[in-house]
Each structure stands twice: as C-alpha cells, then as structure tokens.
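What follows is a single structure, written as structure tokens, with notes after it.
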Amino acid sequence: MEKEIFTAYIIAGTALVSAILAGAFEWFFGTKKENSRGSRASLANGDGMIVGSRSGGDTNTVPGNDGARTEHISSLEKLLAELKILVIDKNIREAKNKPAFLRIVQNIYKKSFDALTDGESATLWGDVLKALERADAAEKNFKIVRQGAVGEELKALFPEIEYARERFDYDAVNRLLEQFRKKHKVLQQDLAGVDFLQGQNYELQFNDVDADRYYRKAAAIADENALYLNVHGQRLFSSGRYGEAEPLLWRALEIREKRVGMEHPDVAHELNNLAQLLKTQGKYAEAEPLLRRILTIREEMLGIEHLDVAHDLNNLAELLRAESKYDEAEPLFRRALAIREKRLDPEHADVLQSLNNLAGLLKMQARYAEAEPLFRRTLAIKEKTLGMVHPDVATSLNNLGVLLKTQGKYDEAEPLYRRALAILEKSLGMEHLLVAIILNNLGELLQAQGNDKAEPFYRQALTIREKKLGKDHPNTVMCRDQLHALQEKKK
C-alpha cells in the first residue's frame, strides 16, 4: 500500500523546540495578508504519510511560564523578523551588509561567509532560517525565565546575557553562565534557570548533545517547572525517544492545568505537544480528544477564522484521516484551506500544506481527477519558491508519484520517487523516517512492475522504522508484513 506525504501541522522531524517566527512576524507587521513563504520540516505520520510542520507553526511549542505574558517585541525579535525577510527573499546583497547575518553564518559553519564551500552555499538559506527559528524560540523562552521566580543575583545577569544574545555572541553567554554557576553554587532554583539558559545557548550553537544535557539538568532540579519539563520532553520527542518524552509532557500538562486552569491558552500548547507525541506513536484514540479540546479552546479564545484555528483544524483532520474517518476529515481540511486562502499569500507554505492534505484525502477516496491538479499545483509552487532540491519538494514529488502509481502509470511515477529519495537522503540523512517512506514506495512500485529489485528497498525501510519507531509501531508492522509477503512469493 503506497504512502502519500501529507503536510500537516505537527512536530518537525528535523526541527527542534521552535515556535517559528510567524507569531512575532505577524505582530510586528500587523494583521495584513502575509506574503512570507515559510519553510517546513517533515516526518512520518502514523499511517506512513510524510508530515511536515508549517513555518510559524505551534507544534512543538512552549507556553508562557504559569501564564506569564509579555506585551512587547524585543529589539532582537525585530531583528530576527527583518533577517527572516531577507532569507525568504534570498536577498544576498542586503544580507551581507547585516553584521547579524554574518555572525549567524559564522556560528553555523564555524567559518566566514566568504569561506563557504559550494555545498554550504547551496544550503545557506535553509540553514540560516533554521538558526533564526531557534533564536526566535530561545528569545521567547528567555522572556519567560526572566519573568519567573529568580533571585536578585540572576536578575542582575540578565541584561548582560541579553546584550550578548542581541550580538549573537553565544560564547559570551556561555562565559557569563559558567561564571554565575561557579560563584553561586548553592542557589539551586537559579541554577536550574542557568542550566536551562545554557541548554538554550548550546541549541543556538547547533550543539544538541550539550543542549540536551543542560535541559535535562534544569528539568531534574526544578521538576515543578512546566516550561523546563516541556522543553526537555520536546527535545526527547524530536530525537525519537518517545517513551522518555511522554511522562514529562503529561506532567507538564498536569502542572499547567493546576496553575492556570483547564481552558487557558497555555494549556492548549501543552495539549498540542502531547497530542502530537501520541499521534507519532500511533496512539490515535488517546490523541483525538486532546486535539478536539485544543480546537475548542482556540475557537473560543481567537475566533473561528483565526490562522491558529486553521492549524488546529488541520491537525485534527490529519488524525481523523489517519483513523480512516474521511467524511469527518474532509470538511475540516476544507475549512482550514478556506481560512488560509483568505488570510495568506496564495504561495504561502500553509496554503500549500492545506492543498496537499486535501489532495491526498481525495486520492484516498479514489477521486483522482480532483486530486491530481492539486498535487501538481503544490509541486510547481514549491519548486518555484523553495528550489528544486528542498525536502518539501520531495514530499510533493512523492505525493504525485503515489497518485500516478495508483493509476498504473508506473513509468511516470518511478522517476519522481527516485528524485524524492535523492533529495531526502542528502538533506535529512539516510536513516530519516521520510527516507523510509520513499524506500517503501519504491519497493512497492518495483514489485508492481515485476522487478526483482524490490526487496532491498523494503529491507532498508524496515531497518529505519524499527530503529526510529520500534518493532510494534503500525508502520513498522506494515513494512515487515510487506517484506515477508514478498519473500513468500519468491519461494
């Protein structure tokens, strides 16, 4: 059974804890129709779909600490929003004149902009956007820590940390935090905050090993702090350690509900993170009531045509689709698409996501004539806006290939699959869940053509899924059954 790629609003497989720039971006520039074209990362959905999180999404989100809110945008957030525009437009002339851009490049590649190789230059815009997303999420969480119950010693350090962060001087931040830790060894609560900020700082330097180490320490010291538990849980989630992540996210939700109430917007964030973790593990029956509860909270809080409501509609529809509840999913997909087309640029990533998801659902209902133009439109726009080798282009290549394969157009489908596989292996690595989906699809296509080279593709896909999802996950079981059936047929 072929696997489509549904672009949905859930945790990114390659993204970390990043509430991407859209919130600050929309606030800074007003509520006018957005023209930004976000970037999305992707991962495997419960039934083998490739699912991408939207730019500006609120999957993998971190709510305010005990309901705390900030009413202004910092100078760093404004700078990040300005830089994002340059990155989206690929405006190299203006970007090179921004010291912050050059410092970000230095932090990512450990070399100057002028010393980048051709390969590094090819991935420059995506790498810088990822760094901006991390920096934006870190700034939001930094505000939360500043507003929390911290001692005077740590409060006095915040302005120096902020100054260094605004210059993207993460080495200076590390020095400040280490000096504080040595000087104030007995201030346990403040040390948890220092550990959290140091984890953040290593994340901004793309040092995930040390980031995870300090996030873990913060969550262990302050085990009643929902923010620390949530971020640590999300880090475990993003690295595929689902069993370790789940109790942390349940605990964070419990703490948040007790402190701010059952219908608070921060609770919706916690619910979303937990629901996506449950969905990724194939626990659909547990995830569905959480997603319905999120939608209710957001509709009451924001109104029925808010963009965040569209994301929640899409999330719930994706889950219903995974449960084969197509009649319930379709009106939700269509409602999400209508909101996004009204509020966003026609080529915005979220509009493309809705087009793709609706097309996939139509295809699953054998409504091929309705689905194909939506898939082709999505692919053409992505190639135009993201480039020919972007991972999101691979998802659309796969989807169109699935549709063509379903109609028996094998010669048209195969080159699309192979191109998608090459893109994903290069951009996400040989062991990513998305790669497993394409490998499985190629195996099915070759088997349908009577080609005896299908088995290695099934085997590689199964190896990835067993490692990433576990032996009992529905996707793993399905892949194993396909391989066994092929082997039996050969006997």
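Following the order of the structure tokens, first chain is A, next is B, and so on, with residues numbered from 1 inside each chain and ligands from 1 in the order they appear.
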For the helix (DSSP H, G or I) assignment from backbone DSSP, which residues of segment 193-331 of chain A qualify? Please present them as a PyMOL selection string. chain A and resi 193-204+208-221+226-238+242-260+265-280+284-302+307-322+326-331
Please tabulate, as a tab-separated table, the residues of segment 322-395 of chain A that come within 12 Å of segment 124-137 of chain A, each with its closest pair of atoms and the distance in Å to one decimal, counting only C-alpha atoms and ordering rows by chain, then residue number upward.
residue	atom	partner	partner_atom	distance
A:Leu386	CA	A:Gly126	CA	9.2
A:Gly387	CA	A:Gly126	CA	10.6
A:Val389	CA	A:Gly126	CA	11.2
A:His390	CA	A:Gly126	CA	8.8
A:Pro391	CA	A:Gly126	CA	10.3
A:Asp392	CA	A:Gly126	CA	11.6
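Atom CA of Glu203 of chain A lies 18.2 Å from atom CA of Lys111 of chain A.
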Give me, as a Markdown table, the closest atom pair and its distance (Å, one decimal) for every residue of segment 296-371 of chain A within a cut-off of 12 Å of segment 247-267 of chain A, counting only C-alpha atoms, rows sorted by chain and rising number.
| residue | atom | partner | partner_atom | distance |
| --- | --- | --- | --- | --- |
| A:Thr296 | CA | A:Glu263 | CA | 9.0 |
| A:Ile297 | CA | A:Glu263 | CA | 6.0 |
| A:Arg298 | CA | A:Pro265 | CA | 7.3 |
| A:Glu299 | CA | A:Pro265 | CA | 10.7 |
| A:Glu300 | CA | A:Glu263 | CA | 9.5 |
| A:Met301 | CA | A:Pro265 | CA | 7.7 |
| A:Leu302 | CA | A:Pro265 | CA | 9.8 |
| A:Asp308 | CA | A:Pro265 | CA | 11.5 |
One decimal place gives the atom CA of Leu400 of chain A-atom CA of Lys384 of chain A separation as 16.6 Å
To one decimal place in Å, what is the distance between atom CA of Ala394 of chain A and atom CA of Leu361 of chain A?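 Straight-line distance from atom CA of Ala394 of chain A to atom CA of Leu361 of chain A works out to 18.6 Å.
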What's around Arg465 of chain A at 9 Å? Count only C-alpha atoms, leave out sequence neighbours fewer than 3 positions away in its own chain, and write the answer as a VMD selection string. chain A and resid 431 to 433 436 460 to 462 468 to 471 473 475 to 476 479
Selected residues written out, C-alpha atoms, as a PDB file, in the first residue's frame:
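Here's the written file out.pdb:
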ATOM      1  CA  GLU A 431      18.058   6.972   8.349  1.00  0.00           C
ATOM      2  CA  HIS A 432      15.261   9.531   8.431  1.00  0.00           C
ATOM      3  CA  LEU A 433      11.656   8.336   8.596  1.00  0.00           C
ATOM      4  CA  ALA A 436      11.886   5.039   4.847  1.00  0.00           C
ATOM      5  CA  GLN A 460      16.200  -0.667   4.275  1.00  0.00           C
ATOM      6  CA  ALA A 461      12.816   0.904   5.054  1.00  0.00           C
ATOM      7  CA  LEU A 462      12.148  -1.729   7.736  1.00  0.00           C
ATOM      8  CA  LYS A 468      13.100   5.053  14.893  1.00  0.00           C
ATOM      9  CA  LEU A 469       9.615   3.814  15.745  1.00  0.00           C
ATOM     10  CA  GLY A 470      10.106   0.460  17.392  1.00  0.00           C
ATOM     11  CA  LYS A 471       9.126  -3.025  16.249  1.00  0.00           C
ATOM     12  CA  HIS A 473       4.586   0.604  15.593  1.00  0.00           C
ATOM     13  CA  ASN A 475       4.183   1.497  10.180  1.00  0.00           C
ATOM     14  CA  THR A 476       6.894  -0.957  11.185  1.00  0.00           C
ATOM     15  CA  CYS A 479       6.564  -2.768   6.352  1.00  0.00           C
TER      16      CYS A 479
END
Could you list, as a ChimeraX atom specification, every residue within 10 Å of Asn315 of chain A, counting only C-alpha atoms and ignoring same-chain residues fewer than 3 positions away? /A:7-10,59,272,275-276,288,291-292,294-295,309-312,318-321,329,332-333,336
Excluding segment 362-373 of chain A and residues on its chain fewer than 3 positions from it, collect all residues at most 8 Å away from it, counting only C-alpha atoms, and give them as a PyMOL selection string. chain A and resi 326+358-359+376-377+400+403
Those same residues, written as an mmCIF file, in the first residue's frame with N, CA and C atoms?
data_model
loop_
_atom_site.group_PDB
_atom_site.id
_atom_site.type_symbol
_atom_site.label_atom_id
_atom_site.label_comp_id
_atom_site.auth_asym_id
_atom_site.auth_seq_id
_atom_site.Cartn_x
_atom_site.Cartn_y
_atom_site.Cartn_z
ATOM 1 N N TYR A 326 -12.689 9.562 6.902
ATOM 2 C CA TYR A 326 -12.541 10.512 5.806
ATOM 3 C C TYR A 326 -13.674 11.526 5.747
ATOM 4 N N LEU A 358 -5.611 18.095 1.386
ATOM 5 C CA LEU A 358 -6.911 17.856 0.757
ATOM 6 C C LEU A 358 -6.750 16.953 -0.465
ATOM 7 N N ALA A 359 -5.717 17.210 -1.245
ATOM 8 C CA ALA A 359 -5.472 16.372 -2.421
ATOM 9 C C ALA A 359 -5.253 14.919 -2.018
ATOM 10 N N ARG A 376 -0.232 18.672 -8.504
ATOM 11 C CA ARG A 376 0.663 19.324 -9.472
ATOM 12 C C ARG A 376 0.846 20.808 -9.143
ATOM 13 N N ARG A 377 -0.221 21.451 -8.702
ATOM 14 C CA ARG A 377 -0.114 22.866 -8.311
ATOM 15 C C ARG A 377 0.827 23.027 -7.121
ATOM 16 N N LEU A 400 2.715 13.079 -5.829
ATOM 17 C CA LEU A 400 2.314 12.935 -7.221
ATOM 18 C C LEU A 400 2.662 11.541 -7.730
ATOM 19 N N LEU A 403 0.035 9.090 -6.613
ATOM 20 C CA LEU A 403 -1.199 9.196 -7.399
ATOM 21 C C LEU A 403 -1.039 8.519 -8.758
#
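For Phe180 of chain A, the set of protein, DNA and RNA residues having any atom at most 8 Å away, when counting only C-alpha atoms and skipping those fewer than 4 positions along the same chain, is Leu154, Leu176 and His184 of chain A.
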Name the residues in contact with Ile381 of chain A at a cut-off of 10 Å, using only C-alpha atoms, excluding same-chain residues fewer than 6 positions from it; report them as a list in words.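 Listing them by chain and then by number gives Pro346, Glu347, His348, Ala349, Leu352, Gly387 and Val393 of chain A.
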